[in-house]
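**Student:** One structure follows; several queries about it will come next.
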Number of protein chains: 2
Amino acid sequence: MVARWETLNKTPIADLKIFTAHAVQRRHPTHGHIGTFTVLESAEWVNIIPLTRNNEIVMIQQYRHGTDSITLEVPGGLVEEGENPCGAAMRECKEETGYGAPHEALLVGVNEPNPAFMNNRCYSYLWQDCRLEYSPQPDEFEDIAVELVPVSRISEYIRSGKIAHSLTLTALLFYMLRVGILL
Amino acid sequence: MVARWETLNKTPIADLKIFTAHAVQRRHPTHGHIGTFTVLESAEWVNIIPLTRNNEIVMIQQYRHGTDSITLEVPGGLVEEGENPCGAAMRECKEETGYGAPHEALLVGVNEPNPAFMNNRCYSYLWQDCRLEYSPQPDEFEDIAVELVPVSRISEYIRSGKIAHSLTLTALLFYMLRVGILL
């Protein structure tokens, strides 16, 4: 059987703003090997599929510093202190797009963004019957354009690479499993 | 329109073994704001869906240091110096599971694991007609158990959270779009 390692020591090696990098020393319970592994600790993440009554997904074009490119994604972000994941997902949606609905969003799935070196999870929500209700309030460095993507074009956008963020793709997969059809 | 920022400076702040963390200073081309952003630079990643003639996906149970838990994933890893992504994916599959096929694997999609702070991509492959042909040769710290998962049980495994790694989920979505059915 595959065994969980025993944690011996954990030292922060860098505060990278969005997460803290730790060097974690662990021992394998059976063969006794000791190794030091990099773990990034972060708050939980959320993303959300806001769906309009016209069967469009409210997506955002956004400049992303990792890839130095403009991406097309569903809204999302960090769960802040004192928030629950659903509240965080609805807040991000309203802040980034101005879209919302009077009822609560529905959890469609939870994933691990990268269990190899990240400790957190990402909660994905579906928010039906969304409409433009608020003024978007992006963060200081966020520069966002809303794009309404008809559900019928999602697979074409994925195949062409226009939608490429793994966490947006994961949310869309959860949504497809929820509704029982491949978009 | 959403604008790409102009890069002013890039400084390595930590070598975290699997990637290098950089502090990148950038200026927005329109409003002139300057900010410093964390970017993790890494080699390209690959993962692969090895499919047997019995319509099973060759998956692996593996201890993961990020989540400190045992996960169920498709094989995958880093593209090494001098390799192409397809060769890397087939190598990882053989090393981790011992499964392989005499023909080349097929690219089913490319994603960006996290464009917000990672610069790399992940290439996903499908390798049909795989069978046990090699002795698995996991890395020093890899402790892996192979699990053959019938394709018909994939959606159940996703819904229950048994398969939760975002990059495995993304590879499965690409596979579903390729074959045109929701598993």
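In the structure tokens, each chain is lettered A, B, ... as it comes, each chain's residues begin at 1, and ligands are numbered from 1 in order of appearance.
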Give me, as a short mmCIF file (atom, residue, chain, number, x, y, z; two decimals) with C-alpha atoms, in the first residue's frame, the contact residues of chain B against chain A at a cut-off of 6 Å, counting only C-alpha atoms.
**Tutor:**
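Here's the written file result32.cif:
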data_model
loop_
_atom_site.label_atom_id
_atom_site.label_comp_id
_atom_site.auth_asym_id
_atom_site.auth_seq_id
_atom_site.Cartn_x
_atom_site.Cartn_y
_atom_site.Cartn_z
CA ARG B 4 -0.69 43.38 -21.26
CA VAL B 39 5.75 34.38 -10.77
CA TYR B 63 1.36 10.18 -1.63
CA ARG B 64 1.37 13.92 -2.31
CA HIS B 65 3.34 16.30 -0.14
CA GLY B 66 1.22 19.39 -0.88
CA THR B 67 -2.01 17.97 0.49
CA ASN B 111 -3.86 23.85 -20.43
CA GLU B 112 -2.32 26.53 -18.26
CA PRO B 113 -2.07 25.10 -14.73
CA PRO B 115 -1.82 31.60 -15.39
CA ALA B 116 -2.13 33.90 -12.36
CA PHE B 117 1.31 32.98 -11.06
CA MET B 118 2.81 30.09 -13.07
CA ASN B 119 4.38 30.53 -16.48
CA ALA B 164 -9.64 15.57 -7.35
CA HIS B 165 -6.36 16.75 -8.90
CA SER B 166 -7.26 19.63 -11.22
CA THR B 170 -8.55 18.65 -17.06
CA LEU B 182 -19.49 12.62 -21.09
#
**Student:** Dump as a tab-separated table the rows for residues of stretch 30-82 of chain A within 12 Å of stretch 101-105 of chain A: closest atom pair and distance in Å with one decimal, only C-alpha atoms counted, ordered by chain and rising residue number.
**Tutor:**
residue	atom	partner	partner_atom	distance
A:Val46	CA	A:Ala105	CA	11.7
A:Asn47	CA	A:Ala105	CA	10.8
A:Ile48	CA	A:Ala105	CA	8.2
A:Ile49	CA	A:Ala105	CA	9.0
A:Pro50	CA	A:Ala105	CA	8.6
A:Leu51	CA	A:Ala101	CA	9.6
A:Thr52	CA	A:Ala101	CA	9.3
A:Arg53	CA	A:Ala101	CA	10.8
**Student:** Please dump the current selection as a PDB file, in the first residue's frame; keep C-alpha atoms.
**Tutor:**
ATOM      1  CA  VAL A  46     -13.062  29.478  -5.318  1.00  0.00           C
ATOM      2  CA  ASN A  47     -14.393  29.925  -8.801  1.00  0.00           C
ATOM      3  CA  ILE A  48     -17.909  30.304 -10.122  1.00  0.00           C
ATOM      4  CA  ILE A  49     -19.889  29.744 -13.294  1.00  0.00           C
ATOM      5  CA  PRO A  50     -22.374  32.612 -13.505  1.00  0.00           C
ATOM      6  CA  LEU A  51     -25.114  31.616 -15.946  1.00  0.00           C
ATOM      7  CA  THR A  52     -27.542  34.112 -17.486  1.00  0.00           C
ATOM      8  CA  ARG A  53     -31.150  33.346 -18.463  1.00  0.00           C
TER       9      ARG A  53
END
**Student:** For atom CA of B:Glu81 and atom CA of B:Glu133, determine how far apart the two atoms are, in Å to one decimal place.
**Tutor:**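 Going from atom CA of B:Glu81 over to atom CA of B:Glu133 covers 25.4 Å.
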**Student:** Could you tell me, as a VMD selection string, which residues of stretch 9-142 of chain B DSSP assigns to strand (DSSP E) when given the backbone?
**Tutor:** chain B and resid 9 to 15 20 to 27 34 to 41 45 to 52 56 to 64 69 to 73 76 to 78 99 to 100 106 to 111 122 to 132
**Student:** Assign secondary structure with DSSP using the backbone only, and return the residues of chain A in alpha helix (DSSP H) as a ChimeraX atom specification.
**Tutor:** /A:85-97,154-159,166-179
**Student:** Which residues are close to B:Ser135, i.e. within 8 Å by only C-alpha atoms, leaving aside same-chain residues fewer than 2 positions away? Reply as a ChimeraX atom specification.
**Tutor:** /B:94-95,97-98,133,137
**Student:** What are the closest atom pairs, with distances in Å to one decimal, for all residues of stretch 70-117 of chain B lying within 12 Å of stretch 149-154 of chain B? Consider only C-alpha atoms, order rows by chain and residue number, and present the result as a Markdown table.
**Tutor:**
| residue | atom | partner | partner_atom | distance |
| --- | --- | --- | --- | --- |
| B:Leu72 | CA | B:Val149 | CA | 10.1 |
| B:Glu73 | CA | B:Val149 | CA | 10.5 |
| B:Val74 | CA | B:Val149 | CA | 10.3 |
**Student:** Write the residues of the selection above to a file with C-alpha atoms, as a PDB file, in the first residue's frame.
**Tutor:**
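Below is the file that was written, part-v5.pdb:
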ATOM      1  CA  LEU B  72      -5.627   9.068  -7.399  1.00  0.00           C
ATOM      2  CA  GLU B  73      -4.232  10.572 -10.591  1.00  0.00           C
ATOM      3  CA  VAL B  74      -3.207   9.799 -14.125  1.00  0.00           C
TER       4      VAL B  74
END
**Student:** May I ask for the distance between atom CA of A:Leu78 and atom CA of A:Glu96, given in Å to one decimal place?
**Tutor:**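 Atom CA of A:Glu96 lies 12.9 Å from atom CA of A:Leu78.
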**Student:** Do you have the atom CA of A:Tyr123-atom CA of A:Trp45 distance handy?
**Tutor:**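 Separation between atom CA of A:Tyr123 and atom CA of A:Trp45: 6.4 Å.
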